[in-house]
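Colleague: I'm passing along structure.csv; it holds CSV, C-alpha atoms.
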chain,number,residue,atom,x,y,z
A,468,MET,CA,97.6,93.2,74.2
A,469,ASP,CA,98.4,96.9,74.1
A,470,ARG,CA,95.9,98.1,76.6
A,471,ARG,CA,97.3,99.8,79.6
A,472,ILE,CA,95.9,100.3,83.2
A,473,ILE,CA,96.4,103.6,85.0
A,474,TRP,CA,95.4,102.6,88.6
A,475,ILE,CA,95.2,105.4,91.2
A,476,VAL,CA,94.5,104.9,94.9
A,477,LEU,CA,93.2,107.9,96.7
A,478,ASP,CA,94.6,106.7,100.1
A,479,SER,CA,91.7,106.8,102.7
A,480,VAL,CA,89.0,108.4,100.5
A,481,GLY,CA,86.1,106.1,101.7
A,482,ILE,CA,82.5,106.9,100.8
A,483,GLY,CA,80.4,105.8,103.7
A,484,GLU,CA,80.3,103.2,106.5
A,485,ALA,CA,80.6,99.6,105.5
A,486,PRO,CA,77.8,97.1,106.6
A,487,ASP,CA,80.1,95.8,109.3
A,488,ALA,CA,81.3,99.2,110.5
A,489,ASP,CA,79.9,98.5,114.0
A,490,LYS,CA,82.5,95.8,114.5
A,491,PHE,CA,85.2,98.4,114.0
A,492,GLY,CA,83.6,101.3,116.0
A,493,ASP,CA,83.0,103.2,112.8
A,494,VAL,CA,79.2,103.6,112.5
A,495,GLY,CA,78.6,107.1,111.0
A,496,ALA,CA,81.9,107.5,109.2
A,497,ASP,CA,81.8,108.9,105.6
A,498,THR,CA,85.1,110.4,104.6
A,499,PHE,CA,84.2,111.8,101.2
A,500,SER,CA,80.7,113.2,101.9
A,501,HIS,CA,81.7,114.6,105.3
A,502,THR,CA,84.7,116.3,103.8
A,503,TYR,CA,82.5,117.7,101.0
A,504,GLU,CA,79.8,118.9,103.4
A,505,SER,CA,82.2,120.4,106.0
A,506,ASN,CA,83.9,122.5,103.3
A,507,GLY,CA,80.5,123.8,102.0
A,508,GLY,CA,81.1,121.9,98.7
A,509,LEU,CA,84.2,121.3,96.7
A,510,ASN,CA,85.4,122.3,93.2
A,511,ILE,CA,85.8,118.7,91.8
A,512,PRO,CA,84.2,118.9,88.3
A,513,ASN,CA,86.2,116.0,86.9
A,514,LEU,CA,85.3,113.5,89.6
A,515,ILE,CA,81.6,114.6,89.3
A,516,SER,CA,81.7,114.2,85.5
A,517,LEU,CA,83.0,110.6,86.0
A,518,GLY,CA,80.0,109.9,88.2
A,519,ILE,CA,81.2,110.0,91.8
A,520,GLY,CA,78.0,111.7,92.9
A,521,ASN,CA,76.0,109.0,91.2
A,522,ILE,CA,77.5,106.2,93.3
A,523,ASP,CA,74.9,104.4,95.4
A,524,GLY,CA,74.8,105.8,98.9
A,525,ILE,CA,76.3,109.2,98.0
A,526,SER,CA,73.7,112.0,98.4
A,527,SER,CA,75.7,115.1,99.3
A,528,VAL,CA,77.5,115.5,96.0
A,529,PRO,CA,75.8,116.6,92.7
A,530,LYS,CA,74.8,113.8,90.3
A,531,GLU,CA,75.9,114.0,86.7
A,532,SER,CA,73.2,113.5,84.2
A,533,ASN,CA,75.6,112.1,81.6
A,534,PRO,CA,78.6,110.6,83.3
A,535,ILE,CA,81.6,110.0,81.1
A,536,GLY,CA,82.8,107.0,83.2
A,537,ALA,CA,81.5,103.9,84.9
A,538,TYR,CA,81.1,104.1,88.6
A,539,GLY,CA,80.3,102.0,91.7
A,540,ARG,CA,81.4,101.2,95.2
A,541,LEU,CA,83.4,98.3,96.6
A,542,LYS,CA,82.9,96.4,99.9
A,543,GLU,CA,85.9,94.9,101.7
A,544,MET,CA,85.9,91.2,102.3
A,545,SER,CA,89.1,91.1,104.3
A,546,MET,CA,89.1,91.7,108.1
A,547,GLY,CA,90.8,95.0,108.4
A,548,LYS,CA,90.7,98.7,107.6
A,549,ASP,CA,94.4,99.3,106.9
A,550,THR,CA,96.5,100.2,103.9
A,551,THR,CA,98.1,96.9,103.4
A,552,ILE,CA,95.0,94.7,103.6
A,553,GLY,CA,93.1,97.2,101.4
A,554,HIS,CA,95.7,97.2,98.7
A,555,TRP,CA,96.3,93.5,98.8
A,556,GLU,CA,92.6,92.8,98.4
A,557,MET,CA,92.3,95.0,95.4
A,558,ALA,CA,95.2,93.1,93.9
A,559,GLY,CA,93.3,89.8,94.6
A,560,ILE,CA,94.5,88.7,98.0
A,561,TYR,CA,91.9,87.9,100.7
A,562,SER,CA,93.1,88.4,104.3
A,563,LYS,CA,90.9,86.2,106.5
A,564,ASN,CA,92.5,87.4,109.7
A,565,PRO,CA,93.4,90.9,110.7
A,566,PHE,CA,97.0,91.9,111.3
A,567,PRO,CA,97.9,92.2,115.0
A,568,VAL,CA,97.5,95.5,116.8
A,569,TYR,CA,99.0,96.7,120.0
A,570,PRO,CA,96.7,99.1,121.9
A,571,ASP,CA,99.0,98.8,125.0
A,572,GLY,CA,102.3,99.0,123.2
A,573,PHE,CA,104.6,96.2,122.2
A,574,PRO,CA,105.5,93.4,124.6
A,575,ASP,CA,108.8,93.8,126.5
A,576,TYR,CA,110.4,90.9,124.7
A,577,ILE,CA,110.0,92.5,121.3
A,578,ILE,CA,111.4,95.9,122.5
A,579,GLU,CA,114.3,94.1,124.3
A,580,GLU,CA,115.2,92.2,121.1
A,581,PHE,CA,114.9,95.4,119.1
A,582,VAL,CA,117.3,97.3,121.4
A,583,LYS,CA,119.8,94.4,121.5
A,584,LYS,CA,119.9,93.9,117.7
A,585,THR,CA,120.0,97.6,116.8
A,586,GLY,CA,122.4,98.7,119.6
A,587,VAL,CA,120.2,101.7,120.6
A,588,PRO,CA,120.3,102.8,124.3
A,589,GLY,CA,116.6,102.1,124.6
A,590,VAL,CA,113.3,103.4,123.2
A,591,LEU,CA,110.9,106.1,124.0
A,592,CYS,CA,107.0,105.9,124.1
A,593,ASN,CA,106.1,102.4,123.0
A,594,LYS,CA,102.4,103.2,123.0
A,595,PRO,CA,99.8,104.2,120.4
A,596,ALA,CA,100.3,107.8,119.5
A,597,SER,CA,99.7,110.5,116.9
A,598,GLY,CA,103.0,110.8,114.9
A,599,THR,CA,103.0,114.6,114.7
A,600,GLU,CA,102.2,115.0,118.4
A,601,ILE,CA,104.7,112.4,119.6
A,602,ILE,CA,107.7,114.0,118.0
A,603,ASN,CA,106.9,117.3,119.5
A,604,ARG,CA,106.3,115.8,122.9
A,605,LEU,CA,109.4,113.5,123.0
A,606,GLY,CA,111.6,115.1,120.4
A,607,ASP,CA,113.8,116.9,122.9
A,608,GLU,CA,114.3,113.8,125.0
A,609,HIS,CA,115.1,111.8,121.9
A,610,ILE,CA,117.8,114.3,120.9
A,611,LYS,CA,119.2,114.3,124.5
A,612,THR,CA,119.3,110.5,124.9
A,613,GLY,CA,119.6,109.1,121.4
A,614,LYS,CA,116.7,106.8,122.0
A,615,PRO,CA,114.4,106.4,119.0
A,616,ILE,CA,110.7,107.0,119.4
A,617,VAL,CA,108.8,103.7,118.9
A,618,TYR,CA,105.0,103.9,118.7
A,619,THR,CA,102.0,102.3,117.1
A,620,SER,CA,98.4,103.3,116.3
A,621,GLY,CA,95.0,101.7,115.7
A,622,ASP,CA,96.7,100.1,112.6
A,623,SER,CA,99.0,97.2,112.6
A,624,VAL,CA,102.2,99.2,112.5
A,625,PHE,CA,105.6,99.5,114.3
A,626,GLN,CA,106.7,103.0,113.7
A,627,ILE,CA,110.2,104.4,114.5
A,628,ALA,CA,110.6,108.2,114.6
A,629,ALA,CA,114.1,109.7,114.7
A,630,HIS,CA,115.6,113.1,114.1
A,631,ASN,CA,117.9,113.2,111.0
A,632,ASP,CA,120.8,114.7,113.1
A,633,VAL,CA,120.5,112.0,115.7
A,634,ILE,CA,119.9,108.9,113.6
A,635,PRO,CA,120.9,109.3,110.0
A,636,LEU,CA,118.3,108.2,107.4
A,637,GLU,CA,120.1,105.0,106.3
A,638,GLU,CA,120.6,104.0,109.9
A,639,LEU,CA,116.9,104.5,110.5
A,640,TYR,CA,116.1,102.3,107.5
A,641,ARG,CA,118.5,99.7,108.8
A,642,MET,CA,116.7,99.7,112.2
A,643,CYS,CA,113.4,99.2,110.4
A,644,ARG,CA,114.8,96.2,108.5
A,645,ILE,CA,115.9,94.7,111.8
A,646,ALA,CA,112.4,95.3,113.3
A,647,ARG,CA,110.8,93.8,110.2
A,648,GLY,CA,112.9,90.7,110.9
A,649,ILE,CA,111.8,90.5,114.5
A,650,LEU,CA,108.1,91.1,113.8
A,651,LYS,CA,107.0,87.8,112.2
A,652,GLY,CA,104.5,85.0,113.0
A,653,GLU,CA,102.0,86.0,115.6
A,654,ASN,CA,103.7,89.4,115.8
A,655,GLY,CA,103.7,89.9,112.1
A,656,VAL,CA,102.5,93.5,111.9
A,657,ALA,CA,101.5,94.7,108.5
A,658,ARG,CA,104.2,97.5,108.3
A,659,VAL,CA,107.3,98.8,110.0
A,660,ILE,CA,107.5,102.5,109.2
A,661,ALA,CA,110.4,104.8,109.2
A,662,ARG,CA,109.3,108.3,110.4
A,663,PRO,CA,112.3,110.7,110.1
A,664,PHE,CA,111.9,114.2,111.2
A,665,ALA,CA,113.9,117.5,111.3
A,666,GLY,CA,113.7,120.9,113.0
A,667,SER,CA,114.3,122.2,116.4
A,668,SER,CA,112.6,122.2,119.8
A,669,GLY,CA,108.9,123.1,119.5
A,670,GLN,CA,109.2,123.1,115.7
A,671,TYR,CA,109.8,119.5,114.7
A,672,VAL,CA,108.4,118.4,111.3
A,673,ARG,CA,108.3,115.1,109.5
A,674,THR,CA,110.4,114.9,106.3
A,675,PRO,CA,109.2,113.2,103.1
A,676,ASP,CA,111.7,110.3,103.5
A,677,ARG,CA,109.2,108.0,105.2
A,678,ARG,CA,109.6,104.3,104.2
A,679,ASP,CA,107.3,101.4,104.8
A,680,PHE,CA,108.7,97.9,105.3
A,681,SER,CA,105.7,95.6,104.7
A,682,LEU,CA,105.2,91.9,105.0
A,683,LYS,CA,105.6,90.1,101.7
A,684,PRO,CA,102.3,89.3,100.0
A,685,SER,CA,101.4,86.1,98.3
A,686,THR,CA,102.4,86.0,94.6
A,687,ASP,CA,98.8,85.1,93.8
A,688,ASN,CA,98.1,88.7,93.0
A,689,ILE,CA,97.5,90.7,89.8
A,690,LEU,CA,100.9,92.5,90.0
A,691,SER,CA,102.9,89.2,90.1
A,692,VAL,CA,100.8,87.7,87.3
A,693,ALA,CA,101.2,90.8,85.1
A,694,LYS,CA,105.0,90.8,85.6
A,695,SER,CA,105.1,87.1,84.8
A,696,GLN,CA,103.4,87.8,81.5
A,697,GLY,CA,106.1,90.2,80.6
A,698,LEU,CA,104.1,93.4,81.3
A,699,ASP,CA,105.4,96.5,83.0
A,700,VAL,CA,104.2,97.0,86.6
A,701,ILE,CA,105.2,100.5,87.6
A,702,ALA,CA,104.7,101.5,91.2
A,703,VAL,CA,104.4,105.2,92.0
A,704,GLY,CA,104.4,106.4,95.6
A,705,LYS,CA,104.3,103.8,98.4
A,706,ILE,CA,103.0,101.0,96.3
A,707,GLU,CA,106.4,99.3,96.2
A,708,ASP,CA,106.6,99.4,100.0
A,709,ILE,CA,103.0,98.1,100.4
A,710,PHE,CA,103.8,95.0,98.3
A,711,ALA,CA,107.4,94.7,99.5
A,712,GLY,CA,108.6,94.9,95.9
A,713,VAL,CA,106.6,91.7,95.0
A,714,GLY,CA,105.4,91.9,91.4
A,715,ILE,CA,106.9,95.3,90.7
A,716,THR,CA,109.1,95.9,87.6
A,717,GLU,CA,109.9,99.6,88.2
A,718,ALA,CA,109.2,102.0,91.2
A,719,VAL,CA,109.5,105.6,92.1
A,720,HIS,CA,108.7,107.2,95.5
A,721,THR,CA,107.0,110.6,95.9
A,722,LYS,CA,107.1,113.6,98.2
A,723,ASP,CA,103.4,114.4,98.2
A,724,ASN,CA,100.2,114.1,96.2
A,725,ARG,CA,101.2,116.6,93.5
A,726,ASP,CA,104.5,114.8,93.0
A,727,GLY,CA,102.6,111.6,92.7
A,728,ILE,CA,100.3,113.1,90.0
A,729,ASP,CA,103.3,114.5,88.2
A,730,LYS,CA,105.2,111.2,88.2
A,731,THR,CA,102.1,109.4,87.0
A,732,LEU,CA,101.7,111.8,84.2
A,733,ALA,CA,105.3,111.3,83.2
A,734,TYR,CA,104.8,107.5,83.0
A,735,ILE,CA,101.6,107.9,81.0
A,736,GLN,CA,103.6,109.9,78.4
A,737,LYS,CA,106.3,107.2,78.2
A,738,GLU,CA,106.2,104.0,76.3
A,739,ASN,CA,105.2,101.2,78.6
A,740,ASN,CA,102.8,98.3,78.5
A,741,GLY,CA,100.9,97.0,81.5
A,742,ILE,CA,100.0,98.7,84.8
A,743,ILE,CA,100.9,102.1,86.2
A,744,PHE,CA,99.9,101.8,89.9
A,745,THR,CA,99.8,105.0,92.0
A,746,ASN,CA,99.1,105.7,95.7
A,747,LEU,CA,98.4,109.3,96.8
A,748,VAL,CA,99.1,109.1,100.5
A,749,GLU,CA,98.6,112.7,101.7
A,750,PHE,CA,94.8,112.2,102.1
A,751,ASP,CA,95.6,109.7,104.8
A,752,SER,CA,98.9,110.7,106.3
A,753,ALA,CA,98.6,114.5,106.3
A,754,TRP,CA,94.9,115.2,106.6
A,755,GLY,CA,92.8,112.1,107.5
A,756,HIS,CA,94.7,111.0,110.7
A,757,ARG,CA,95.1,114.7,111.7
A,758,ARG,CA,91.4,115.3,111.2
A,759,ASP,CA,92.0,118.2,108.9
A,760,TYR,CA,88.9,118.3,106.7
A,761,VAL,CA,89.9,121.7,105.2
A,762,ASN,CA,93.1,120.5,103.7
A,763,TYR,CA,91.6,117.1,102.9
A,764,GLY,CA,89.1,119.0,100.8
A,765,ARG,CA,91.8,121.1,99.1
A,766,GLY,CA,93.7,117.9,98.4
A,767,LEU,CA,90.6,116.5,96.6
A,768,GLU,CA,90.4,119.7,94.6
A,769,GLU,CA,94.1,119.4,93.7
A,770,PHE,CA,93.7,115.8,92.6
A,771,ASP,CA,90.7,116.8,90.5
A,772,ALA,CA,92.8,119.4,88.7
A,773,GLY,CA,95.5,116.8,88.1
A,774,LEU,CA,92.8,114.4,86.9
A,775,SER,CA,92.1,116.7,84.1
A,776,GLU,CA,95.7,116.5,83.0
A,777,ILE,CA,95.7,112.7,83.3
A,778,MET,CA,92.6,112.2,81.2
A,779,LYS,CA,94.0,114.5,78.5
A,780,CYS,CA,97.2,112.5,78.3
A,781,MET,CA,95.7,109.1,78.1
A,782,LYS,CA,96.2,107.0,75.0
A,783,GLU,CA,93.6,105.3,72.9
A,784,LYS,CA,93.4,102.0,74.8
A,785,ASP,CA,94.3,103.3,78.3
A,786,VAL,CA,91.9,102.5,81.1
A,787,LEU,CA,91.9,104.6,84.2
A,788,ILE,CA,90.8,103.1,87.5
A,789,ILE,CA,90.3,105.4,90.5
A,790,THR,CA,89.6,103.8,93.9
A,791,ALA,CA,90.6,103.9,97.6
A,792,ASP,CA,91.9,101.4,100.2
A,793,HIS,CA,89.8,102.4,103.4
A,794,GLY,CA,88.4,105.5,105.0
A,795,CYS,CA,89.9,108.0,107.4
A,796,ASP,CA,87.1,110.4,108.0
A,797,PRO,CA,88.6,113.8,109.0
A,798,THR,CA,85.4,114.7,110.9
A,799,PHE,CA,85.2,111.5,112.9
A,800,LYS,CA,86.2,110.7,116.4
A,801,GLY,CA,89.8,109.6,117.2
A,802,THR,CA,92.6,109.5,114.6
A,803,ASP,CA,92.3,106.1,113.1
A,804,HIS,CA,91.2,104.7,109.8
A,805,THR,CA,87.5,104.0,109.3
A,806,ARG,CA,85.8,100.9,107.9
A,807,GLU,CA,84.0,102.2,104.7
A,808,TYR,CA,83.0,101.4,101.2
A,809,VAL,CA,85.4,102.7,98.6
A,810,PRO,CA,84.6,104.2,95.2
A,811,VAL,CA,85.6,102.8,91.9
A,812,LEU,CA,85.6,105.1,88.9
A,813,ILE,CA,86.6,103.8,85.4
A,814,TYR,CA,87.3,105.9,82.4
A,815,GLY,CA,88.7,105.4,78.9
A,816,LYS,CA,87.8,105.7,75.2
A,817,SER,CA,86.9,102.0,75.2
A,818,VAL,CA,84.9,102.2,78.5
A,819,LYS,CA,81.1,102.5,78.4
A,820,LYS,CA,79.8,105.7,79.8
A,821,GLY,CA,77.2,106.0,82.6
A,822,VAL,CA,77.4,102.4,83.8
A,823,ASN,CA,76.4,102.0,87.4
A,824,LEU,CA,78.2,99.0,88.9
A,825,HIS,CA,76.3,99.5,92.1
A,826,THR,CA,77.8,97.7,95.2
A,827,ARG,CA,80.5,95.1,94.5
A,828,GLU,CA,81.3,92.4,97.1
A,829,SER,CA,85.1,92.7,97.1
A,830,PHE,CA,87.9,95.1,96.4
A,831,GLY,CA,89.3,92.1,94.5
A,832,ASP,CA,86.8,92.8,91.7
A,833,ILE,CA,89.5,95.3,90.5
A,834,ALA,CA,92.1,92.6,90.0
A,835,ALA,CA,89.6,90.3,88.3
A,836,THR,CA,88.7,93.1,85.9
A,837,ILE,CA,92.3,94.1,85.1
A,838,SER,CA,93.0,90.4,84.3
A,839,ASP,CA,90.3,90.6,81.6
A,840,ILE,CA,91.3,93.9,80.3
A,841,LEU,CA,94.9,92.8,79.9
A,842,SER,CA,94.0,89.2,78.8
A,843,ILE,CA,96.1,87.6,81.5
A,844,PRO,CA,95.3,84.8,84.0
A,845,LYS,CA,92.9,85.6,86.9
A,846,VAL,CA,94.0,85.5,90.5
A,847,GLY,CA,92.6,85.3,94.0
A,848,VAL,CA,89.3,86.8,95.0
A,849,GLY,CA,87.0,89.0,93.0
A,850,LYS,CA,84.6,88.9,90.1
A,851,SER,CA,85.3,90.9,87.0
A,852,PHE,CA,83.0,93.7,85.8
A,853,PHE,CA,84.7,93.7,82.4
A,854,ASP,CA,81.5,92.8,80.5
A,855,ASP,CA,79.7,95.6,82.2
A,856,ILE,CA,82.1,98.4,81.2
A,857,MET,CA,83.9,97.4,78.0
In structure tokens, what does this structure look like?

Modeller:
Amino acid sequence: MDRRIIWIVLDSVGIGEAPDADKFGDVGADTFSHTYESNGGLNIPNLISLGIGNIDGISSVPKESNPIGAYGRLKEMSMGKDTTIGHWEMAGIYSKNPFPVYPDGFPDYIIEEFVKKTGVPGVLCNKPASGTEIINRLGDEHIKTGKPIVYTSGDSVFQIAAHNDVIPLEELYRMCRIARGILKGENGVARVIARPFAGSSGQYVRTPDRRDFSLKPSTDNILSVAKSQGLDVIAVGKIEDIFAGVGITEAVHTKDNRDGIDKTLAYIQKENNGIIFTNLVEFDSAWGHRRDYVNYGRGLEEFDAGLSEIMKCMKEKDVLIITADHGCDPTFKGTDHTREYVPVLIYGKSVKKGVNLHTRESFGDIAATISDILSIPKVGVGKSFFDDIM
């Protein structure tokens, strides 16, 4: 099989509250439409031509009379609204139980073990916090004391922020690996995240050297199966971290969305066979959590411009799949992710045009469809829409 999948996740670009949004406090969330409306419209001709405005439930974006792609929306089966659960489900893994969260900070015994094993003089914060706010509030004390800033959020994360001049990057990564070893079982958070920053008092800024240390997923996923069949599984951006390297044959990290688009383009133009899997994280990390709908909109326009380049570079049997992993409505209350439907857009010379897939019952339908496209064994949850689009 010489078909190839180009799979792009627009991190956090949800398209409206999920049916169970009330259980997550997210009734009324709609990342994509609210961003579009709040900016007075967006210049996204390629997404519109693929049919994003034609997806069920989207009313604020122009519909395309002759879409060049297939389109629909996916509902999440798993109990969560975080990056890890979203990506794992689209790869075929159903997560019945949500990962643990710590709205009051981590228990003393976890922090004490972390301090003992890392050798740090203690930690600062240990509460849910905004990452950009916390480094500016506690950055000076961190530099003075040498204590790393440990914090969490509404997601299942243990985050460690440290100034590069106080805790060098490799030492920060070592500390994250130690934390990952501690946080298992009932305290098995989805991700331990390194949050390095630089700058001086009042002007601290995060660097692009973030690293995620995830729990290892089950090998019953589309990436592992593709790898076992001798196919390339190329991870661009934080995909390698989300899957803890499981099922990956080659990986490259990125600085921002544009870098992710460029690296994806570079792989499209190379000789490879299998899956190119890209995560564009700035929508979530830089704009969604910070409730910055203006730059969120600009990011969508930047992706749309890059999408034009991607489509032009695609080969005869390439299939492009664009989706998201959850919502993070920049106009919504708080700073957390939002429980939403996500879009699925499919394009390629062998893909039927104008097919409305309507509402699918699982993100895992993507994995099932990829299995059929690549003619490899099926995995986990999900029902294929191959016969509808090919």

Colleague: Report as a PyMOL selection string all protein, DNA and RNA residues lying within 7 Å of segment 696-705 of chain A, evaluated on only C-alpha atoms, omitting residues in the same chain fewer than 4 positions from it.

Modeller: chain A and resi 690+692+709+715-721+727+731+739-747

Colleague: Quick check, in Å to one decimal: how far apart do atom CA of Ser775 of chain A and atom CA of Ile515 of chain A lie?

Modeller: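 Straight-line distance from atom CA of Ser775 of chain A to atom CA of Ile515 of chain A works out to 11.9 Å.
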
Colleague: Pick out the closest residue to Ser842 of chain A from this set: A:Phe710, A:Arg806, A:Gly586, A:Ile689. Count only C-alpha atoms.

Modeller: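 Of the candidates, the smallest distance to Ser842 of chain A is held by A:Ile689.
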
Colleague: So that I can see what lies close to Tyr808 of chain A, please list as a PyMOL selection string the residues with an atom at most 9 Å from it, counting only C-alpha atoms and leaving out residues fewer than 2 positions away in the same chain.

Modeller: chain A and resi 481-486+497+540-543+791-794+806+810+826

Colleague: Those residues with C-alpha atoms, as a PDB file, in the frame of the given file please?

Modeller:
ATOM      1  CA  GLY A 481      86.100 106.100 101.700  1.00  0.00           C
ATOM      2  CA  ILE A 482      82.500 106.900 100.800  1.00  0.00           C
ATOM      3  CA  GLY A 483      80.400 105.800 103.700  1.00  0.00           C
ATOM      4  CA  GLU A 484      80.300 103.200 106.500  1.00  0.00           C
ATOM      5  CA  ALA A 485      80.600  99.600 105.500  1.00  0.00           C
ATOM      6  CA  PRO A 486      77.800  97.100 106.600  1.00  0.00           C
ATOM      7  CA  ASP A 497      81.800 108.900 105.600  1.00  0.00           C
ATOM      8  CA  ARG A 540      81.400 101.200  95.200  1.00  0.00           C
ATOM      9  CA  LEU A 541      83.400  98.300  96.600  1.00  0.00           C
ATOM     10  CA  LYS A 542      82.900  96.400  99.900  1.00  0.00           C
ATOM     11  CA  GLU A 543      85.900  94.900 101.700  1.00  0.00           C
ATOM     12  CA  ALA A 791      90.600 103.900  97.600  1.00  0.00           C
ATOM     13  CA  ASP A 792      91.900 101.400 100.200  1.00  0.00           C
ATOM     14  CA  HIS A 793      89.800 102.400 103.400  1.00  0.00           C
ATOM     15  CA  GLY A 794      88.400 105.500 105.000  1.00  0.00           C
ATOM     16  CA  ARG A 806      85.800 100.900 107.900  1.00  0.00           C
ATOM     17  CA  PRO A 810      84.600 104.200  95.200  1.00  0.00           C
ATOM     18  CA  THR A 826      77.800  97.700  95.200  1.00  0.00           C
TER      19      THR A 826
END

Colleague: Please provide the set of residues having any atom within 8 Å of segment 566-582 of chain A, restricted to all atoms listed in the file, with same-chain residues fewer than 4 positions apart removed, written as a list in words.

Modeller: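 The neighbour list is Gly547, Gly586, Val587, Pro588, Gly589, Val590, Asn593, Lys594, Pro595, Tyr618, Thr619, Ser620, Gly621, Asp622, Ser623, Val624, Ile645, Ala646, Ile649, Leu650, Glu653, Asn654, Gly655, Val656 and Ala657 of chain A.
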
Colleague: For segment 627-631 of chain A, work out the shell of residues within 6 Å, counting only C-alpha atoms and skipping chain neighbours fewer than 5 positions away, then give it as a PDB file with C-alpha atoms, keeping the file's coordinate frame.

Modeller:
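The resulting file, selection-v4.pdb, is reproduced below:
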ATOM      1  CA  PRO A 615     114.400 106.400 119.000  1.00  0.00           C
ATOM      2  CA  ILE A 616     110.700 107.000 119.400  1.00  0.00           C
ATOM      3  CA  VAL A 617     108.800 103.700 118.900  1.00  0.00           C
ATOM      4  CA  ALA A 661     110.400 104.800 109.200  1.00  0.00           C
ATOM      5  CA  ARG A 662     109.300 108.300 110.400  1.00  0.00           C
ATOM      6  CA  PRO A 663     112.300 110.700 110.100  1.00  0.00           C
ATOM      7  CA  PHE A 664     111.900 114.200 111.200  1.00  0.00           C
ATOM      8  CA  ALA A 665     113.900 117.500 111.300  1.00  0.00           C
TER       9      ALA A 665
END

Colleague: Do you know which residues are at most 10 Å from Lys563 of chain A counting all atoms listed in the file, after dropping those on the same chain fewer than 5 positions away, and could you put them as a ChimeraX atom specification?

Modeller: /A:544-547,552

Colleague: Atom CA of Gly831 of chain A and atom CA of Ser851 of chain A, how far apart in Å?

Modeller: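 Calculated distance between atom CA of Ser851 of chain A and atom CA of Gly831 of chain A is 8.6 Å.
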
Colleague: What is the atom CA of His554 of chain A-atom CA of Arg470 of chain A distance in Å, reported with one decimal?

Modeller: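 Rounded to one decimal, the two atoms are 22.1 Å apart.
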
Colleague: Smallest atom-to-atom distance to Ser681 of chain A: which of A:Gly755, A:Asp726, A:Thr551, A:Asn521, using only C-alpha atoms?

Modeller: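 Ranking A:Gly755, A:Asp726, A:Thr551, A:Asn521 by distance to Ser681 of chain A, first place goes to A:Thr551.
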
Colleague: Compare A:Gly669, A:Phe853, A:Arg758, A:Gly495 by their minimum atom-to-atom distance to Thr836 of chain A, counting only C-alpha atoms, and give me the closest one.

Modeller: A:Phe853

Colleague: Select, from A:Val748, A:Ile660, A:Leu767, A:Ala488, the residue with the minimum atom-to-atom distance to Asn513 of chain A, counting only C-alpha atoms.

Modeller: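 Nearest to Asn513 of chain A: A:Leu767.
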
Colleague: Which one is closest to Lys737 of chain A: A:Gly539, A:Met781, A:Phe491, A:Leu774? Count all atoms listed in the file.

Modeller: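 Nearest candidate to Lys737 of chain A out of A:Gly539, A:Met781, A:Phe491, A:Leu774: A:Met781.
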
Colleague: Please reconstruct the missing atoms of segment 573-584 of chain A (target: N, CA and C atoms) and return them as a compact mmCIF listing (two decimals), in the frame of the given file.

Modeller:
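out08.txt was written with the following content:
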# COMPACT_ATOMS: atom_id res chain seq x y z
N PHE A 573 104.02 97.47 122.51
CA PHE A 573 104.60 96.20 122.20
C PHE A 573 105.13 95.48 123.43
N PRO A 574 105.04 94.14 123.46
CA PRO A 574 105.50 93.40 124.60
C PRO A 574 107.03 93.68 124.88
N ASP A 575 107.43 93.54 126.13
CA ASP A 575 108.80 93.80 126.50
C ASP A 575 109.82 93.00 125.69
N TYR A 576 109.47 91.72 125.42
CA TYR A 576 110.40 90.90 124.70
C TYR A 576 110.72 91.35 123.30
N ILE A 577 109.74 91.99 122.67
CA ILE A 577 110.00 92.50 121.30
C ILE A 577 110.88 93.76 121.43
N ILE A 578 110.59 94.66 122.36
CA ILE A 578 111.40 95.90 122.50
C ILE A 578 112.83 95.49 122.93
N GLU A 579 112.97 94.52 123.82
CA GLU A 579 114.30 94.10 124.30
C GLU A 579 115.13 93.53 123.11
N GLU A 580 114.49 92.74 122.25
CA GLU A 580 115.20 92.20 121.10
C GLU A 580 115.58 93.30 120.11
N PHE A 581 114.66 94.25 119.94
CA PHE A 581 114.90 95.40 119.10
C PHE A 581 116.13 96.19 119.55
N VAL A 582 116.16 96.49 120.84
CA VAL A 582 117.30 97.30 121.40
C VAL A 582 118.58 96.50 121.29
N LYS A 583 118.56 95.20 121.54
CA LYS A 583 119.80 94.40 121.50
C LYS A 583 120.33 94.35 120.04
N LYS A 584 119.45 94.12 119.07
CA LYS A 584 119.90 93.90 117.70
C LYS A 584 120.27 95.25 117.00
